[in-house]
Amino acid sequence: MASLNKQQKRAKRAKAKAKQIRMVGRKPLALDSDLDLPEPIPEYTLAMFSKMRDAEAISRSEMLSVLLTDLAFIIIDHPELLDMENADDEGMAATHLAADMLIDYRMWADGMDRDAAQAWPSDPQFITDFGDALDVYRQSLDTSEELAE
(Lines give C-alpha, C1' and ligand atoms only; values in the text may rest on other atoms or scores of the structure.)
Protein backbone atom coordinates (compact mmCIF):
# COMPACT_ATOMS: atom_id res chain seq x y z
CA MET A 1 0.00 0.00 0.00
CA ALA A 2 1.23 3.47 -0.83
CA SER A 3 2.21 5.86 1.92
CA LEU A 4 -0.36 8.34 3.19
CA ASN A 5 1.54 11.22 1.59
CA LYS A 6 1.57 9.45 -1.79
CA GLN A 7 -2.14 8.63 -1.50
CA GLN A 8 -2.92 12.28 -0.74
CA LYS A 9 -0.90 13.43 -3.73
CA ARG A 10 -2.66 10.91 -5.97
CA ALA A 11 -6.05 11.99 -4.70
CA LYS A 12 -5.21 15.65 -5.31
CA ARG A 13 -4.01 14.95 -8.87
CA ALA A 14 -7.03 12.75 -9.56
CA LYS A 15 -9.43 15.47 -8.44
CA ALA A 16 -7.66 18.08 -10.55
CA LYS A 17 -7.65 15.82 -13.62
CA ALA A 18 -11.28 14.78 -13.14
CA LYS A 19 -12.29 18.41 -12.88
CA GLN A 20 -10.30 19.22 -16.01
CA ILE A 21 -11.77 16.33 -17.98
CA ARG A 22 -15.39 16.46 -16.93
CA MET A 23 -17.00 19.60 -15.78
CA VAL A 24 -16.70 22.94 -14.14
CA GLY A 25 -20.40 23.88 -13.95
CA ARG A 26 -22.71 21.89 -11.73
CA LYS A 27 -26.20 22.60 -13.05
CA PRO A 28 -27.64 21.40 -16.35
CA LEU A 29 -27.61 24.21 -18.86
CA ALA A 30 -31.28 23.72 -19.66
CA LEU A 31 -32.24 24.36 -16.03
CA ASP A 32 -29.82 27.14 -15.32
CA SER A 33 -28.97 28.74 -18.65
CA ASP A 34 -28.13 32.12 -17.18
CA LEU A 35 -24.89 30.72 -15.72
CA ASP A 36 -21.78 31.50 -17.69
CA LEU A 37 -20.25 28.03 -17.62
CA PRO A 38 -16.86 27.63 -19.26
CA GLU A 39 -17.62 24.00 -20.09
CA PRO A 40 -21.00 22.27 -20.41
CA ILE A 41 -21.70 19.07 -18.54
CA PRO A 42 -21.35 16.14 -20.95
CA GLU A 43 -24.70 14.73 -22.05
CA TYR A 44 -23.88 11.26 -20.76
CA THR A 45 -23.16 12.72 -17.31
CA LEU A 46 -26.41 14.71 -17.31
CA ALA A 47 -28.34 11.60 -18.29
CA MET A 48 -26.76 9.62 -15.46
CA PHE A 49 -27.36 12.41 -12.94
CA SER A 50 -31.03 12.63 -13.95
CA LYS A 51 -31.44 8.89 -13.51
CA MET A 52 -29.64 9.07 -10.16
CA ARG A 53 -31.96 11.83 -8.95
CA ASP A 54 -35.04 9.80 -9.93
CA ALA A 55 -33.62 6.69 -8.26
CA GLU A 56 -32.66 8.62 -5.12
CA ALA A 57 -36.34 9.49 -4.68
CA ILE A 58 -36.84 5.75 -4.13
CA SER A 59 -33.75 5.03 -2.02
CA ARG A 60 -30.06 5.67 -1.71
CA SER A 61 -29.31 2.09 -2.73
CA GLU A 62 -31.29 2.60 -5.96
CA MET A 63 -29.32 5.77 -6.67
CA LEU A 64 -26.01 3.99 -6.06
CA SER A 65 -27.11 1.13 -8.30
CA VAL A 66 -27.78 3.58 -11.13
CA LEU A 67 -24.38 5.20 -10.55
CA LEU A 68 -22.51 1.90 -10.70
CA THR A 69 -24.38 0.55 -13.72
CA ASP A 70 -24.30 3.74 -15.78
CA LEU A 71 -20.72 4.55 -14.85
CA ALA A 72 -19.58 1.14 -16.10
CA PHE A 73 -21.03 1.95 -19.53
CA ILE A 74 -19.61 5.47 -19.47
CA ILE A 75 -16.15 4.07 -18.76
CA ILE A 76 -16.50 1.66 -21.69
CA ASP A 77 -17.42 4.56 -23.99
CA HIS A 78 -14.97 7.06 -22.43
CA PRO A 79 -11.98 5.18 -20.99
CA GLU A 80 -10.03 8.44 -20.93
CA LEU A 81 -12.03 9.39 -17.81
CA LEU A 82 -10.05 6.85 -15.79
CA ASP A 83 -6.99 8.47 -14.25
CA MET A 84 -4.61 5.51 -14.50
CA GLU A 85 -1.58 7.64 -13.62
CA ASN A 86 -2.89 8.17 -10.09
CA ALA A 87 -4.29 4.72 -9.41
CA ASP A 88 -2.73 1.34 -8.82
CA ASP A 89 -5.21 -0.41 -11.10
CA GLU A 90 -8.35 0.11 -13.14
CA GLY A 91 -10.59 -0.74 -10.18
CA MET A 92 -9.04 1.99 -8.07
CA ALA A 93 -9.30 4.48 -10.93
CA ALA A 94 -12.99 3.59 -11.34
CA THR A 95 -13.54 4.04 -7.60
CA HIS A 96 -11.93 7.49 -7.74
CA LEU A 97 -14.12 8.39 -10.70
CA ALA A 98 -17.24 7.15 -8.89
CA ALA A 99 -16.35 9.27 -5.84
CA ASP A 100 -15.82 12.33 -8.04
CA MET A 101 -19.11 11.69 -9.83
CA LEU A 102 -20.94 11.41 -6.50
CA ILE A 103 -19.55 14.77 -5.40
CA ASP A 104 -20.43 16.35 -8.75
CA TYR A 105 -23.89 14.79 -8.60
CA ARG A 106 -24.60 16.25 -5.18
CA MET A 107 -23.41 19.67 -6.33
CA TRP A 108 -25.58 19.40 -9.46
CA ALA A 109 -28.68 18.02 -7.73
CA ASP A 110 -28.68 20.24 -4.65
CA GLY A 111 -26.49 23.19 -5.56
CA MET A 112 -24.09 22.33 -2.72
CA ASP A 113 -20.65 23.83 -2.58
CA ARG A 114 -17.73 21.47 -3.09
CA ASP A 115 -16.84 21.17 0.62
CA ALA A 116 -20.37 20.16 1.60
CA ALA A 117 -20.62 17.77 -1.34
CA GLN A 118 -17.30 16.13 -0.42
CA ALA A 119 -18.52 15.50 3.13
CA TRP A 120 -21.55 13.57 1.89
CA PRO A 121 -19.79 10.40 0.62
CA SER A 122 -17.47 10.47 3.65
CA ASP A 123 -20.34 9.75 6.05
CA PRO A 124 -19.88 6.28 7.63
CA GLN A 125 -23.45 5.24 6.74
CA PHE A 126 -22.92 6.33 3.14
CA ILE A 127 -19.70 4.30 2.98
CA THR A 128 -21.60 1.25 4.25
CA ASP A 129 -24.41 1.81 1.75
CA PHE A 130 -21.90 2.22 -1.09
CA GLY A 131 -20.14 -1.01 -0.09
CA ASP A 132 -23.48 -2.84 -0.04
CA ALA A 133 -24.43 -1.43 -3.45
CA LEU A 134 -21.03 -2.46 -4.83
CA ASP A 135 -21.52 -6.01 -3.51
CA VAL A 136 -24.95 -6.23 -5.18
CA TYR A 137 -23.49 -4.86 -8.42
CA ARG A 138 -20.65 -7.39 -8.39
CA GLN A 139 -23.12 -10.22 -7.71
CA SER A 140 -25.22 -9.12 -10.67
CA LEU A 141 -22.10 -9.18 -12.86
CA ASP A 142 -21.24 -12.68 -11.65
CA THR A 143 -24.80 -13.84 -12.36
CA SER A 144 -24.68 -12.29 -15.84
CA GLU A 145 -21.39 -14.02 -16.59
CA GLU A 146 -22.79 -17.37 -15.41
CA LEU A 147 -25.84 -16.98 -17.62
CA ALA A 148 -23.64 -16.13 -20.59
CA GLU A 149 -21.68 -19.37 -20.25
# chains A, B, ... in the order shown; residues from 1 in each chain; ligands from 1
>>> residues_around(residues="Met48 (chain A)", least_positions_apart="6", cutoff="12 Å", atoms="only C-alpha atoms", output="PyMOL selection string")
chain A and resi 28+41-42+54-56+63-74+98+101-102+104-105+108-109
>>> select_by_dssp(residues="region 64-130 of chain A", states="alpha helix (DSSP H)", output="tab-separated table (two decimals) with N, CA and C atoms, in the first residue's frame")
chain	number	residue	atom	x	y	z
A	64	LEU	N	-27.36	4.54	-5.92
A	64	LEU	CA	-26.01	3.99	-6.06
A	64	LEU	C	-25.97	2.91	-7.14
A	65	SER	N	-27.03	2.15	-7.25
A	65	SER	CA	-27.11	1.13	-8.30
A	65	SER	C	-27.07	1.77	-9.68
A	66	VAL	N	-27.80	2.86	-9.85
A	66	VAL	CA	-27.78	3.58	-11.13
A	66	VAL	C	-26.37	4.10	-11.40
A	67	LEU	N	-25.75	4.68	-10.38
A	67	LEU	CA	-24.38	5.20	-10.55
A	67	LEU	C	-23.45	4.09	-11.05
A	68	LEU	N	-23.45	2.97	-10.36
A	68	LEU	CA	-22.51	1.90	-10.70
A	68	LEU	C	-22.78	1.34	-12.10
A	69	THR	N	-24.03	1.12	-12.41
A	69	THR	CA	-24.38	0.55	-13.72
A	69	THR	C	-24.06	1.52	-14.85
A	70	ASP	N	-24.53	2.76	-14.72
A	70	ASP	CA	-24.30	3.74	-15.78
A	70	ASP	C	-22.83	4.09	-15.92
A	71	LEU	N	-22.13	4.20	-14.79
A	71	LEU	CA	-20.72	4.55	-14.85
A	71	LEU	C	-19.91	3.47	-15.56
A	72	ALA	N	-20.29	2.22	-15.39
A	72	ALA	CA	-19.58	1.14	-16.10
A	72	ALA	C	-19.67	1.34	-17.61
A	73	PHE	N	-20.86	1.72	-18.10
A	73	PHE	CA	-21.03	1.95	-19.53
A	73	PHE	C	-20.32	3.22	-19.98
A	74	ILE	N	-20.32	4.23	-19.14
A	74	ILE	CA	-19.61	5.47	-19.47
A	74	ILE	C	-18.12	5.20	-19.61
A	75	ILE	N	-17.58	4.40	-18.71
A	75	ILE	CA	-16.15	4.07	-18.76
A	75	ILE	C	-15.83	3.29	-20.04
A	76	ILE	N	-16.72	2.41	-20.45
A	76	ILE	CA	-16.50	1.66	-21.69
A	76	ILE	C	-16.43	2.63	-22.88
A	77	ASP	N	-17.36	3.59	-22.89
A	77	ASP	CA	-17.42	4.56	-23.99
A	77	ASP	C	-16.36	5.66	-23.90
A	90	GLU	N	-7.14	-0.43	-12.54
A	90	GLU	CA	-8.35	0.11	-13.14
A	90	GLU	C	-9.48	0.20	-12.13
A	91	GLY	N	-9.55	-0.77	-11.21
A	91	GLY	CA	-10.59	-0.74	-10.18
A	91	GLY	C	-10.48	0.48	-9.29
A	92	MET	N	-9.25	0.82	-8.91
A	92	MET	CA	-9.04	1.99	-8.07
A	92	MET	C	-9.37	3.26	-8.84
A	93	ALA	N	-8.99	3.31	-10.10
A	93	ALA	CA	-9.30	4.48	-10.93
A	93	ALA	C	-10.82	4.64	-11.07
A	94	ALA	N	-11.53	3.53	-11.23
A	94	ALA	CA	-12.99	3.59	-11.34
A	94	ALA	C	-13.61	4.04	-10.02
A	95	THR	N	-13.05	3.61	-8.91
A	95	THR	CA	-13.54	4.04	-7.60
A	95	THR	C	-13.34	5.54	-7.41
A	96	HIS	N	-12.18	6.05	-7.82
A	96	HIS	CA	-11.93	7.49	-7.74
A	96	HIS	C	-12.93	8.26	-8.61
A	97	LEU	N	-13.17	7.74	-9.81
A	97	LEU	CA	-14.12	8.39	-10.70
A	97	LEU	C	-15.52	8.37	-10.10
A	98	ALA	N	-15.92	7.25	-9.52
A	98	ALA	CA	-17.24	7.15	-8.89
A	98	ALA	C	-17.37	8.17	-7.76
A	99	ALA	N	-16.32	8.30	-6.94
A	99	ALA	CA	-16.35	9.27	-5.84
A	99	ALA	C	-16.48	10.69	-6.39
A	100	ASP	N	-15.73	11.00	-7.43
A	100	ASP	CA	-15.82	12.33	-8.04
A	100	ASP	C	-17.21	12.57	-8.62
A	101	MET	N	-17.77	11.55	-9.25
A	101	MET	CA	-19.11	11.69	-9.83
A	101	MET	C	-20.16	11.91	-8.74
A	102	LEU	N	-20.00	11.22	-7.60
A	102	LEU	CA	-20.94	11.41	-6.50
A	102	LEU	C	-20.90	12.85	-5.99
A	103	ILE	N	-19.70	13.39	-5.86
A	103	ILE	CA	-19.55	14.77	-5.40
A	103	ILE	C	-20.17	15.73	-6.42
A	104	ASP	N	-19.86	15.51	-7.69
A	104	ASP	CA	-20.43	16.35	-8.75
A	104	ASP	C	-21.94	16.23	-8.81
A	105	TYR	N	-22.44	15.00	-8.60
A	105	TYR	CA	-23.89	14.79	-8.60
A	105	TYR	C	-24.56	15.61	-7.50
A	106	ARG	N	-24.00	15.54	-6.30
A	106	ARG	CA	-24.60	16.25	-5.18
A	106	ARG	C	-24.57	17.77	-5.42
A	107	MET	N	-23.50	18.24	-6.01
A	107	MET	CA	-23.41	19.67	-6.33
A	107	MET	C	-24.46	20.04	-7.39
A	108	TRP	N	-24.62	19.17	-8.38
A	108	TRP	CA	-25.58	19.40	-9.46
A	108	TRP	C	-27.02	19.32	-8.93
A	109	ALA	N	-27.31	18.28	-8.17
A	109	ALA	CA	-28.68	18.02	-7.73
A	109	ALA	C	-29.16	19.01	-6.68
A	110	ASP	N	-28.27	19.41	-5.78
A	110	ASP	CA	-28.68	20.24	-4.65
A	110	ASP	C	-28.03	21.61	-4.61
A	114	ARG	N	-18.60	22.64	-3.01
A	114	ARG	CA	-17.73	21.47	-3.09
A	114	ARG	C	-17.44	20.86	-1.72
A	115	ASP	N	-17.17	21.69	-0.71
A	115	ASP	CA	-16.84	21.17	0.62
A	115	ASP	C	-17.99	20.35	1.20
A	116	ALA	N	-19.20	20.88	1.09
A	116	ALA	CA	-20.37	20.16	1.60
A	116	ALA	C	-20.60	18.87	0.81
A	117	ALA	N	-20.43	18.95	-0.49
A	117	ALA	CA	-20.62	17.77	-1.34
A	117	ALA	C	-19.57	16.69	-1.04
A	118	GLN	N	-18.35	17.10	-0.73
A	118	GLN	CA	-17.30	16.13	-0.42
A	118	GLN	C	-17.55	15.44	0.92
A	119	ALA	N	-18.23	16.10	1.83
A	119	ALA	CA	-18.52	15.50	3.13
A	119	ALA	C	-19.56	14.39	3.01
A	124	PRO	N	-20.02	7.74	7.43
A	124	PRO	CA	-19.88	6.28	7.63
A	124	PRO	C	-21.07	5.47	7.09
A	125	GLN	N	-22.29	5.98	7.26
A	125	GLN	CA	-23.45	5.24	6.74
A	125	GLN	C	-23.44	5.21	5.22
A	126	PHE	N	-23.01	6.31	4.60
A	126	PHE	CA	-22.92	6.33	3.14
A	126	PHE	C	-21.88	5.32	2.67
A	127	ILE	N	-20.76	5.25	3.35
A	127	ILE	CA	-19.70	4.30	2.98
A	127	ILE	C	-20.24	2.87	3.06
A	128	THR	N	-20.99	2.58	4.11
A	128	THR	CA	-21.60	1.25	4.25
A	128	THR	C	-22.58	0.98	3.12
A	129	ASP	N	-23.43	1.97	2.83
A	129	ASP	CA	-24.41	1.81	1.75
A	129	ASP	C	-23.73	1.62	0.40
A	130	PHE	N	-22.64	2.36	0.16
A	130	PHE	CA	-21.90	2.22	-1.09
A	130	PHE	C	-21.29	0.82	-1.20
>>> atom_distance(atom1="CA of Gly111 (chain A)", atom2="CA of Ser59 (chain A)")
19.9 Å
